[in-house]
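**Q** Quick one, protein-v4.txt (compact mmCIF, C-alpha atoms):
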```txt
# COMPACT_ATOMS: atom_id res chain seq x y z
CA MET A 9 -230.01 191.27 47.95
CA ASP A 10 -231.83 188.25 46.45
CA PHE A 11 -235.58 188.08 45.83
CA ARG A 12 -236.27 185.78 48.80
CA SER A 13 -234.69 188.31 51.17
CA LEU A 14 -236.75 191.07 49.57
CA ILE A 15 -239.92 189.04 50.04
CA ARG A 16 -239.08 188.50 53.73
CA ILE A 17 -238.63 192.26 54.20
CA PHE A 18 -242.05 192.93 52.65
CA ALA A 19 -243.68 190.21 54.74
CA SER A 20 -242.18 191.54 57.98
CA ARG A 21 -242.88 195.21 57.30
CA MET A 22 -246.53 195.57 56.33
CA HIS A 23 -246.36 199.31 55.87
CA LYS A 24 -248.78 200.82 53.43
CA MET A 25 -247.67 202.86 50.51
CA ILE A 26 -249.73 205.71 49.10
CA THR A 27 -250.56 205.57 45.40
CA ILE A 28 -251.90 208.66 43.63
CA LEU A 29 -253.29 208.01 40.18
CA GLY A 30 -255.42 209.81 37.64
CA PRO A 31 -255.66 210.67 33.95
CA THR A 32 -253.38 213.12 32.20
CA ALA A 33 -254.02 216.78 33.12
CA SER A 34 -255.69 215.86 36.43
CA GLY A 35 -252.94 217.49 38.52
CA LYS A 36 -251.48 214.35 40.14
CA THR A 37 -247.87 215.47 40.44
CA PRO A 38 -248.25 218.66 42.52
CA VAL A 39 -250.61 216.80 44.86
CA ALA A 40 -248.17 213.90 45.26
CA ALA A 41 -245.26 216.27 45.88
CA ARG A 42 -247.18 218.25 48.48
CA LEU A 43 -248.39 215.11 50.25
CA ALA A 44 -244.88 213.63 50.28
CA ALA A 45 -243.56 216.81 51.88
CA GLU A 46 -246.25 216.59 54.59
CA ILE A 47 -245.59 212.93 55.53
CA ASN A 48 -241.78 212.76 55.17
CA GLY A 49 -242.14 210.96 51.87
CA GLU A 50 -240.52 210.59 48.47
CA VAL A 51 -242.28 210.26 45.12
CA ILE A 52 -241.85 207.25 42.84
CA SER A 53 -242.98 207.98 39.30
CA ALA A 54 -245.26 205.54 37.49
CA ASP A 55 -245.00 207.07 34.04
CA SER A 56 -243.75 204.95 31.14
CA ARG A 57 -242.21 207.89 29.25
CA GLN A 58 -240.81 210.12 31.98
CA VAL A 59 -238.04 207.55 32.46
CA TYR A 60 -236.30 209.02 29.40
CA CYS A 61 -233.74 211.81 29.66
CA ARG A 62 -234.23 214.96 27.56
CA MET A 63 -237.85 214.04 26.83
CA ASP A 64 -239.16 216.71 29.17
CA ILE A 65 -241.83 218.92 27.63
CA GLY A 66 -243.53 216.14 25.68
CA THR A 67 -243.79 213.85 28.71
CA GLY A 68 -244.91 216.66 31.02
CA LYS A 69 -242.27 216.11 33.67
CA ASP A 70 -243.00 219.48 35.29
CA LEU A 71 -240.10 219.00 37.69
CA ASP A 72 -240.80 222.42 39.20
CA ASP A 73 -243.79 220.76 40.92
CA PHE A 74 -241.33 219.01 43.24
CA THR A 75 -239.95 222.31 44.56
CA LEU A 76 -242.10 223.69 47.35
CA THR A 77 -241.85 226.40 49.97
CA VAL A 78 -241.63 224.99 53.49
CA ASP A 79 -241.16 227.37 56.44
CA ASP A 80 -240.48 230.18 53.94
CA LYS A 81 -237.60 228.17 52.42
CA PRO A 82 -237.43 226.25 49.12
CA PHE A 83 -237.60 222.50 49.56
CA THR A 84 -237.28 219.87 46.83
CA VAL A 85 -239.22 216.66 47.33
CA PRO A 86 -237.06 213.69 46.29
CA TYR A 87 -238.39 211.85 43.24
CA HIS A 88 -237.41 208.60 41.54
CA LEU A 89 -237.64 206.76 38.19
CA ILE A 90 -237.50 209.94 36.15
CA ASP A 91 -234.57 210.48 33.74
CA ILE A 92 -233.14 206.98 34.16
CA ARG A 93 -232.88 205.86 30.51
CA GLU A 94 -231.56 207.33 27.27
CA PRO A 95 -233.97 208.22 24.46
CA GLY A 96 -234.16 205.59 21.76
CA THR A 97 -234.06 202.69 24.20
CA LYS A 98 -237.06 200.46 24.90
CA TYR A 99 -237.88 200.49 28.61
CA ASN A 100 -240.36 197.80 29.60
CA LEU A 101 -242.62 196.60 32.40
CA PHE A 102 -240.16 193.95 33.58
CA GLU A 103 -237.48 196.62 34.08
CA TYR A 104 -239.91 199.00 35.75
CA GLN A 105 -241.05 196.40 38.24
CA GLN A 106 -237.47 195.72 39.33
CA ASP A 107 -236.55 199.41 39.41
CA PHE A 108 -239.62 200.14 41.52
CA TYR A 109 -238.77 197.51 44.13
CA ASP A 110 -235.17 198.70 44.35
CA VAL A 111 -236.33 202.28 44.99
CA TYR A 112 -239.15 201.21 47.33
CA GLN A 113 -236.76 199.18 49.46
CA ASP A 114 -234.25 202.06 49.62
CA ILE A 115 -236.92 204.57 50.68
CA ARG A 116 -238.21 202.24 53.37
CA GLN A 117 -234.74 201.51 54.72
CA ARG A 118 -234.15 205.25 55.14
CA GLY A 119 -237.36 205.61 57.15
CA LYS A 120 -239.24 207.58 54.51
CA GLU A 121 -242.74 207.06 53.11
CA PRO A 122 -243.03 206.06 49.42
CA VAL A 123 -245.68 207.85 47.34
CA LEU A 124 -246.28 206.21 43.98
CA CYS A 125 -247.66 208.68 41.44
CA GLY A 126 -248.55 208.35 37.80
CA GLY A 127 -250.96 207.61 35.04
CA THR A 128 -249.53 204.42 33.54
CA GLY A 129 -252.08 202.00 34.92
CA LEU A 130 -250.20 198.90 33.81
CA TYR A 131 -247.09 199.94 35.76
CA ILE A 132 -249.14 200.77 38.85
CA GLU A 133 -251.09 197.53 38.80
CA ALA A 134 -247.97 195.44 38.14
CA VAL A 135 -246.23 196.61 41.30
CA LEU A 136 -249.31 196.68 43.52
CA LYS A 137 -250.41 193.21 42.48
CA GLY A 138 -246.91 191.72 42.16
CA TYR A 139 -247.14 190.58 38.53
CA LYS A 140 -245.02 187.51 37.85
CA LEU A 141 -242.99 188.50 34.80
CA SER A 142 -240.20 187.08 32.70
CA PRO A 143 -237.60 189.00 30.70
CA VAL A 144 -238.65 188.59 27.07
CA PRO A 145 -235.95 188.44 24.39
CA GLN A 146 -236.49 189.73 20.88
CA ASN A 147 -238.00 187.15 18.52
CA GLN A 148 -236.81 188.18 15.06
CA PRO A 149 -238.57 185.38 13.11
CA LEU A 150 -241.85 186.40 14.76
CA ARG A 151 -241.21 190.05 13.97
CA ASP A 152 -240.43 189.19 10.36
CA SER A 153 -243.70 187.23 10.08
CA LEU A 154 -245.68 190.22 11.38
CA GLU A 155 -244.03 192.82 9.16
CA GLY A 156 -246.50 194.50 6.84
CA LYS A 157 -249.59 193.68 8.87
CA SER A 158 -251.92 196.56 9.71
CA LEU A 159 -252.49 197.85 13.23
CA THR A 160 -256.00 196.35 13.12
CA GLU A 161 -254.64 192.90 12.19
CA LEU A 162 -251.95 193.09 14.87
CA THR A 163 -254.47 194.20 17.50
CA GLN A 164 -256.72 191.25 16.69
CA LEU A 165 -253.80 188.83 17.03
CA LEU A 166 -252.81 190.42 20.34
CA THR A 167 -256.38 190.14 21.63
CA GLU A 168 -256.40 186.42 20.83
CA LEU A 169 -253.07 185.87 22.60
CA LYS A 170 -254.24 187.77 25.67
CA ALA A 171 -257.34 185.59 25.83
CA LYS A 172 -255.17 182.46 25.79
CA ASN A 173 -252.89 183.85 28.50
CA GLY A 174 -255.68 185.34 30.62
CA SER A 175 -253.61 188.52 30.45
CA ASN A 176 -254.53 192.04 31.59
CA MET A 177 -251.39 193.49 30.03
CA HIS A 178 -251.12 195.67 26.93
CA ASN A 179 -254.36 197.58 26.73
CA THR A 180 -254.87 200.09 23.91
CA THR A 181 -253.06 202.78 25.91
CA ASP A 182 -249.85 200.84 25.38
CA VAL A 183 -250.27 199.61 21.81
CA ASP A 184 -251.14 202.59 19.65
CA SER A 185 -248.61 201.82 16.89
CA CYS A 186 -247.59 198.75 14.90
CA GLN A 187 -244.15 198.67 16.52
CA ARG A 188 -245.54 198.70 20.06
CA THR A 189 -248.20 196.12 19.19
CA ILE A 190 -245.61 193.77 17.69
CA ARG A 191 -243.59 194.02 20.91
CA ALA A 192 -246.74 193.23 22.91
CA ILE A 193 -247.39 190.18 20.69
CA GLU A 194 -243.78 189.15 21.21
CA ILE A 195 -244.24 189.32 25.01
CA GLU A 196 -247.58 187.50 25.02
CA THR A 197 -246.20 184.81 22.69
CA TYR A 198 -243.19 184.27 24.92
CA ASN A 199 -245.34 184.06 28.06
CA LEU A 200 -247.61 181.53 26.35
CA GLU A 201 -244.67 179.35 25.33
CA HIS A 202 -242.58 179.85 28.50
CA PRO A 203 -244.97 179.83 31.49
CA THR A 204 -242.05 179.22 33.91
CA PRO A 205 -239.80 180.29 35.43
CA ARG A 206 -241.11 183.73 36.24
CA ARG A 207 -239.83 186.26 38.71
CA GLU A 208 -241.67 186.19 42.03
CA LEU A 209 -242.11 189.60 43.65
CA PRO A 210 -244.62 190.41 46.39
CA SER A 211 -247.68 192.59 46.08
CA VAL A 212 -247.65 195.94 47.86
CA ASP A 213 -250.36 196.97 50.30
CA SER A 214 -251.23 200.52 49.27
CA LEU A 215 -253.78 203.20 49.96
CA ILE A 216 -254.91 204.20 46.46
CA ILE A 217 -256.17 207.74 45.84
CA GLY A 218 -257.54 208.81 42.48
CA ILE A 219 -257.72 212.39 41.26
CA ASP A 220 -261.19 212.70 39.76
CA ILE A 221 -261.54 215.38 37.12
CA ASP A 222 -264.71 216.20 35.18
CA ARG A 223 -264.47 215.09 31.55
CA GLU A 224 -265.13 218.54 30.08
CA LEU A 225 -262.67 220.23 32.43
CA ARG A 226 -260.11 217.57 31.58
CA ARG A 227 -260.58 218.24 27.87
CA GLU A 228 -260.16 222.00 28.40
CA LYS A 229 -256.98 221.47 30.43
CA ILE A 230 -255.54 219.06 27.85
CA THR A 231 -256.03 221.58 25.04
CA ARG A 232 -254.58 224.48 27.04
CA ARG A 233 -251.63 222.37 28.16
CA LEU A 234 -250.90 221.22 24.61
CA GLN A 235 -250.84 224.83 23.41
CA LYS A 236 -248.56 225.78 26.29
CA ARG A 237 -246.13 222.93 25.61
CA LEU A 238 -245.87 223.88 21.96
CA GLU A 239 -245.20 227.49 22.96
CA GLU A 240 -242.52 226.27 25.40
CA GLY A 241 -240.61 224.50 22.64
CA MET A 242 -241.92 220.95 22.34
CA VAL A 243 -241.20 220.91 18.59
CA ASP A 244 -237.62 222.04 19.26
CA GLU A 245 -237.27 219.29 21.87
CA VAL A 246 -238.23 216.60 19.36
CA GLN A 247 -236.01 218.16 16.70
CA ALA A 248 -233.06 218.05 19.11
CA LEU A 249 -233.65 214.33 19.68
CA LEU A 250 -233.73 213.71 15.94
CA SER A 251 -230.55 215.75 15.57
CA GLU A 252 -228.87 213.48 18.14
CA GLY A 253 -229.33 210.67 15.66
CA ILE A 254 -232.31 209.00 17.32
CA PRO A 255 -234.29 207.38 14.47
CA ALA A 256 -237.70 208.85 13.74
CA GLU A 257 -239.32 205.43 14.13
CA ASP A 258 -237.96 205.19 17.68
CA LEU A 259 -239.55 208.51 18.62
CA ILE A 260 -242.81 207.50 16.94
CA TYR A 261 -242.70 204.36 19.10
CA TYR A 262 -243.12 206.51 22.22
CA GLY A 263 -246.50 207.69 20.95
CA LEU A 264 -248.57 210.84 21.47
CA GLU A 265 -246.45 214.01 21.40
CA TYR A 266 -243.35 212.28 20.05
CA LYS A 267 -245.28 210.40 17.38
CA PHE A 268 -247.17 213.37 15.94
CA VAL A 269 -244.44 216.01 16.29
CA THR A 270 -241.98 213.63 14.62
CA GLU A 271 -244.44 213.10 11.77
CA TYR A 272 -244.70 216.90 11.45
CA LEU A 273 -240.92 217.31 11.42
CA THR A 274 -240.53 214.58 8.81
CA HIS A 275 -243.11 216.34 6.61
CA GLN A 276 -245.81 213.70 6.96
CA LEU A 277 -248.20 216.20 8.57
CA THR A 278 -248.76 219.94 8.43
CA TYR A 279 -248.57 221.87 11.69
CA ASP A 280 -252.36 222.18 11.89
CA GLU A 281 -252.82 218.46 11.17
CA MET A 282 -250.27 217.63 13.83
CA PHE A 283 -252.02 219.78 16.44
CA LYS A 284 -255.51 218.46 15.70
CA ARG A 285 -254.52 214.80 15.58
CA LEU A 286 -252.39 215.09 18.69
CA GLU A 287 -255.15 216.86 20.59
CA ILE A 288 -257.60 214.08 19.69
CA ALA A 289 -255.05 211.39 20.58
CA ILE A 290 -254.42 212.87 24.04
CA HIS A 291 -258.16 213.07 24.73
CA GLN A 292 -258.48 209.41 23.71
CA PHE A 293 -255.46 208.52 25.85
CA ALA A 294 -257.01 210.14 28.94
CA LYS A 295 -260.25 208.23 28.34
CA ARG A 296 -258.32 204.95 28.09
CA GLN A 297 -256.49 205.75 31.32
CA MET A 298 -259.82 206.12 33.12
CA THR A 299 -261.01 202.87 31.56
CA TRP A 300 -257.94 201.15 33.02
CA PHE A 301 -258.50 202.63 36.49
CA ARG A 302 -262.17 201.58 36.46
CA GLY A 303 -260.97 198.14 35.43
CA MET A 304 -258.67 198.09 38.44
CA GLU A 305 -261.68 198.70 40.64
CA ARG A 306 -263.48 195.76 39.02
CA ARG A 307 -260.37 193.65 39.65
CA GLY A 308 -260.58 194.34 43.38
CA PHE A 309 -258.58 197.53 43.96
CA LYS A 310 -260.21 200.12 46.21
CA ILE A 311 -259.63 203.62 44.81
CA HIS A 312 -260.60 206.62 46.95
CA TRP A 313 -261.54 209.35 44.46
CA ILE A 314 -260.93 213.01 45.35
CA ASP A 315 -262.30 215.92 43.34
CA ALA A 316 -259.53 217.58 41.32
CA THR A 317 -261.12 221.03 41.77
CA LEU A 318 -260.82 221.04 45.57
CA PRO A 319 -258.26 223.47 47.03
CA MET A 320 -254.85 221.90 47.58
CA GLU A 321 -255.11 222.14 51.37
CA GLU A 322 -258.40 220.28 51.38
CA LYS A 323 -257.06 217.55 49.09
CA ILE A 324 -254.05 217.02 51.37
CA GLU A 325 -256.17 216.92 54.53
CA ARG A 326 -258.49 214.32 53.03
CA MET A 327 -255.53 212.20 51.95
CA LYS A 328 -253.92 212.42 55.36
CA GLU A 329 -257.19 211.38 57.00
CA LEU A 330 -257.33 208.33 54.77
CA TRP A 331 -253.64 207.61 55.43
CA GLN A 332 -254.03 207.80 59.20
```
Rewrite the structure of this file - the entire thing - as structure tokens.
**A**
Amino acid sequence: MDFRSLIRIFASRMHKMITILGPTASGKTPVAARLAAEINGEVISADSRQVYCRMDIGTGKDLDDFTLTVDDKPFTVPYHLIDIREPGTKYNLFEYQQDFYDVYQDIRQRGKEPVLCGGTGLYIEAVLKGYKLSPVPQNQPLRDSLEGKSLTELTQLLTELKAKNGSNMHNTTDVDSCQRTIRAIEIETYNLEHPTPRRELPSVDSLIIGIDIDRELRREKITRRLQKRLEEGMVDEVQALLSEGIPAEDLIYYGLEYKFVTEYLTHQLTYDEMFKRLEIAIHQFAKRQMTWFRGMERRGFKIHWIDATLPMEEKIERMKELWQ
């Protein structure tokens, strides 16, 4: 189906979607799964790293959260855009936007309710707002010219390009390494030089619910969860990916757990250094996520915040009241 047909479907069917967002460790996924089960829905992931197969512990897929007990029987809530790419590949916003619309259309055509859930604010905003994006090819001469520059220098260049483009893309959540920042510069440079043609996809009318977690509680949960993931074999998971032949620099590109555990496995960090730096990085990541969500509110999105510490039943009832 072509894009014009897709736009006509969206225009003729003004159904709301439900979006559940929040920072890491806020408990978004079990809430989204439970809500989807209550309203005959299916979950669409908005997580930039859970798209990769065999990157499970480090990305916090927690797929068990999608298996619930309904009428004393196990029931698995359908989920989408998880495990759709191989590790080592570079999945991007352009691909996500198209994948989202394909899944959204399929869910709607089957009479189900889509529930978008995740913490990657850029992905969420892109599909809700209908970002007009172009596929951006690799620019090797540009990459060569940027080689050797520090992350600070690259970030400054990216900031200048974003100002010229009037761009909200590529906040510091997405550019925490030189490789990722160079790709962001590549995209912003291309968009500056090639303003048209861009893909036209419609915005999506969505009820947006945020899971609001106290900063100190969030920090405690992040630390406990990091310890648990290491006990569950996160280091072994990264080692297995390296043993597959995936280059260390590709795993470092994914950031956070994969960056610091890879640096530990390649003897750049001790175990204690890895843990401390990773813990700090995840705390900083969660703070940047909240900064993005607050920015969405300033850009006109209405987010209904619900206390993360409420009992599950109360959370679901409040969400259903808002939905109805």
**Q** Name all residues at most 6 Å from Ala54 (chain A) (count only C-alpha atoms; drop same-chain ones fewer than 4 positions away) and give them as a ChimeraX atom specification.
**A** /A:125-126,128
**Q** Report as a PyMOL selection string all protein, DNA and RNA residues lying within 9 Å of Leu273 (chain A), evaluated on only C-alpha atoms, omitting residues in the same chain fewer than 4 positions from it.
**A** chain A and resi 243+246-247+268-269+277-279
**Q** Point out the residue among A:Arg116, A:Arg62, A:His202, A:Lys81 with the least atom-to-atom distance to Gly96 (chain A), counting only C-alpha atoms.
**A** A:Arg62
**Q** Counting only C-alpha atoms, which of A:Cys186, A:Leu200, A:Val39, A:Leu101 gets nearest to Ile260 (chain A)?
**A**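 The closest residue to Ile260 (chain A) is A:Cys186.
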**Q** Please provide as a ChimeraX atom specification all residues within 10 Å of Tyr261 (chain A), with the sequence filter that same-chain residues fewer than 4 positions apart are discarded (counting all atoms listed in the file).
**A** /A:96,98,183-189,256-257,266-267
**Q** Write out as JSON, numbers by chain each polymer residue whose atoms come within 12 Å of region 281-287 of chain A, counting only C-alpha atoms; drop sequence neighbours fewer than 3 positions from it.
**A** {"A": [66, 227, 228, 229, 230, 231, 232, 233, 234, 235, 237, 238, 242, 243, 263, 264, 265, 266, 267, 268, 269, 270, 271, 272, 273, 274, 275, 276, 277, 278, 290, 291, 292, 293, 294]}
**Q** Excluding same-chain residues fewer than 6 positions from Leu225 (chain A), what lies within 10 Å of it counting only C-alpha atoms, as a PDB file with C-alpha atoms, in the coordinates of the input?
**A**
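Just written: result.pdb:
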```pdb
ATOM      1  CA  ALA A  33    -254.020 216.780  33.120  1.00  0.00           C
ATOM      2  CA  SER A  34    -255.690 215.860  36.430  1.00  0.00           C
ATOM      3  CA  ALA A 316    -259.530 217.580  41.320  1.00  0.00           C
ATOM      4  CA  THR A 317    -261.120 221.030  41.770  1.00  0.00           C
TER       5      THR A 317
END
```
**Q** One number please: CA of Leu130 (chain A) to CA of Met298 (chain A), in Å, one decimal.
**A**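 That distance, rounded to one decimal, is 12.0 Å.
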**Q** Can you tell me how far CA of Tyr109 (chain A) sits from CA of Gly35 (chain A), in Å to one decimal?
**A**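 The value is 25.1 Å.
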**Q** Could you complete region 307-329 of chain A so that it carries N, CA and C atoms, and give it back as a PDB file, keeping the file's coordinate frame?
**A**
```
ATOM      1  N   ARG A 307    -261.285 194.745  39.312  1.00  0.00           N
ATOM      2  CA  ARG A 307    -260.370 193.650  39.650  1.00  0.00           C
ATOM      3  C   ARG A 307    -260.024 193.635  41.137  1.00  0.00           C
ATOM      4  N   GLY A 308    -260.713 194.441  41.936  1.00  0.00           N
ATOM      5  CA  GLY A 308    -260.580 194.340  43.380  1.00  0.00           C
ATOM      6  C   GLY A 308    -259.802 195.435  44.077  1.00  0.00           C
ATOM      7  N   PHE A 309    -259.306 196.426  43.345  1.00  0.00           N
ATOM      8  CA  PHE A 309    -258.580 197.530  43.960  1.00  0.00           C
ATOM      9  C   PHE A 309    -259.572 198.582  44.455  1.00  0.00           C
ATOM     10  N   LYS A 310    -259.387 199.046  45.676  1.00  0.00           N
ATOM     11  CA  LYS A 310    -260.210 200.120  46.210  1.00  0.00           C
ATOM     12  C   LYS A 310    -259.532 201.449  45.928  1.00  0.00           C
ATOM     13  N   ILE A 311    -260.172 202.296  45.137  1.00  0.00           N
ATOM     14  CA  ILE A 311    -259.630 203.620  44.810  1.00  0.00           C
ATOM     15  C   ILE A 311    -260.502 204.671  45.473  1.00  0.00           C
ATOM     16  N   HIS A 312    -259.903 205.520  46.298  1.00  0.00           N
ATOM     17  CA  HIS A 312    -260.600 206.620  46.950  1.00  0.00           C
ATOM     18  C   HIS A 312    -260.479 207.850  46.036  1.00  0.00           C
ATOM     19  N   TRP A 313    -261.581 208.251  45.419  1.00  0.00           N
ATOM     20  CA  TRP A 313    -261.540 209.350  44.460  1.00  0.00           C
ATOM     21  C   TRP A 313    -261.731 210.693  45.163  1.00  0.00           C
ATOM     22  N   ILE A 314    -260.880 211.660  44.790  1.00  0.00           N
ATOM     23  CA  ILE A 314    -260.930 213.010  45.350  1.00  0.00           C
ATOM     24  C   ILE A 314    -261.084 214.007  44.204  1.00  0.00           C
ATOM     25  N   ASP A 315    -261.989 214.933  44.370  1.00  0.00           N
ATOM     26  CA  ASP A 315    -262.300 215.920  43.340  1.00  0.00           C
ATOM     27  C   ASP A 315    -261.072 216.782  43.030  1.00  0.00           C
ATOM     28  N   ALA A 316    -260.710 216.829  41.749  1.00  0.00           N
ATOM     29  CA  ALA A 316    -259.530 217.580  41.320  1.00  0.00           C
ATOM     30  C   ALA A 316    -259.680 219.080  41.556  1.00  0.00           C
ATOM     31  N   THR A 317    -260.912 219.584  41.651  1.00  0.00           N
ATOM     32  CA  THR A 317    -261.120 221.030  41.770  1.00  0.00           C
ATOM     33  C   THR A 317    -261.068 221.520  43.213  1.00  0.00           C
ATOM     34  N   LEU A 318    -260.926 220.607  44.172  1.00  0.00           N
ATOM     35  CA  LEU A 318    -260.820 221.040  45.570  1.00  0.00           C
ATOM     36  C   LEU A 318    -259.524 221.826  45.776  1.00  0.00           C
ATOM     37  N   PRO A 319    -259.508 222.773  46.714  1.00  0.00           N
ATOM     38  CA  PRO A 319    -258.260 223.470  47.030  1.00  0.00           C
ATOM     39  C   PRO A 319    -257.196 222.470  47.487  1.00  0.00           C
ATOM     40  N   MET A 320    -255.949 222.800  47.243  1.00  0.00           N
ATOM     41  CA  MET A 320    -254.850 221.900  47.580  1.00  0.00           C
ATOM     42  C   MET A 320    -254.893 221.486  49.053  1.00  0.00           C
ATOM     43  N   GLU A 321    -255.104 222.436  49.937  1.00  0.00           N
ATOM     44  CA  GLU A 321    -255.110 222.140  51.370  1.00  0.00           C
ATOM     45  C   GLU A 321    -256.161 221.095  51.716  1.00  0.00           C
ATOM     46  N   GLU A 322    -257.328 221.222  51.089  1.00  0.00           N
ATOM     47  CA  GLU A 322    -258.400 220.280  51.380  1.00  0.00           C
ATOM     48  C   GLU A 322    -258.065 218.892  50.831  1.00  0.00           C
ATOM     49  N   LYS A 323    -257.482 218.847  49.651  1.00  0.00           N
ATOM     50  CA  LYS A 323    -257.060 217.550  49.090  1.00  0.00           C
ATOM     51  C   LYS A 323    -256.088 216.863  50.043  1.00  0.00           C
ATOM     52  N   ILE A 324    -255.088 217.608  50.517  1.00  0.00           N
ATOM     53  CA  ILE A 324    -254.050 217.020  51.370  1.00  0.00           C
ATOM     54  C   ILE A 324    -254.653 216.548  52.694  1.00  0.00           C
ATOM     55  N   GLU A 325    -255.556 217.315  53.264  1.00  0.00           N
ATOM     56  CA  GLU A 325    -256.170 216.920  54.530  1.00  0.00           C
ATOM     57  C   GLU A 325    -256.978 215.640  54.373  1.00  0.00           C
ATOM     58  N   ARG A 326    -257.713 215.532  53.262  1.00  0.00           N
ATOM     59  CA  ARG A 326    -258.490 214.320  53.030  1.00  0.00           C
ATOM     60  C   ARG A 326    -257.587 213.109  52.854  1.00  0.00           C
ATOM     61  N   MET A 327    -256.482 213.305  52.166  1.00  0.00           N
ATOM     62  CA  MET A 327    -255.530 212.200  51.950  1.00  0.00           C
ATOM     63  C   MET A 327    -254.888 211.777  53.264  1.00  0.00           C
ATOM     64  N   LYS A 328    -254.549 212.754  54.079  1.00  0.00           N
ATOM     65  CA  LYS A 328    -253.920 212.420  55.360  1.00  0.00           C
ATOM     66  C   LYS A 328    -254.897 211.705  56.286  1.00  0.00           C
ATOM     67  N   GLU A 329    -256.167 212.078  56.217  1.00  0.00           N
ATOM     68  CA  GLU A 329    -257.190 211.380  57.000  1.00  0.00           C
ATOM     69  C   GLU A 329    -257.289 209.923  56.568  1.00  0.00           C
TER      70      GLU A 329
END
```
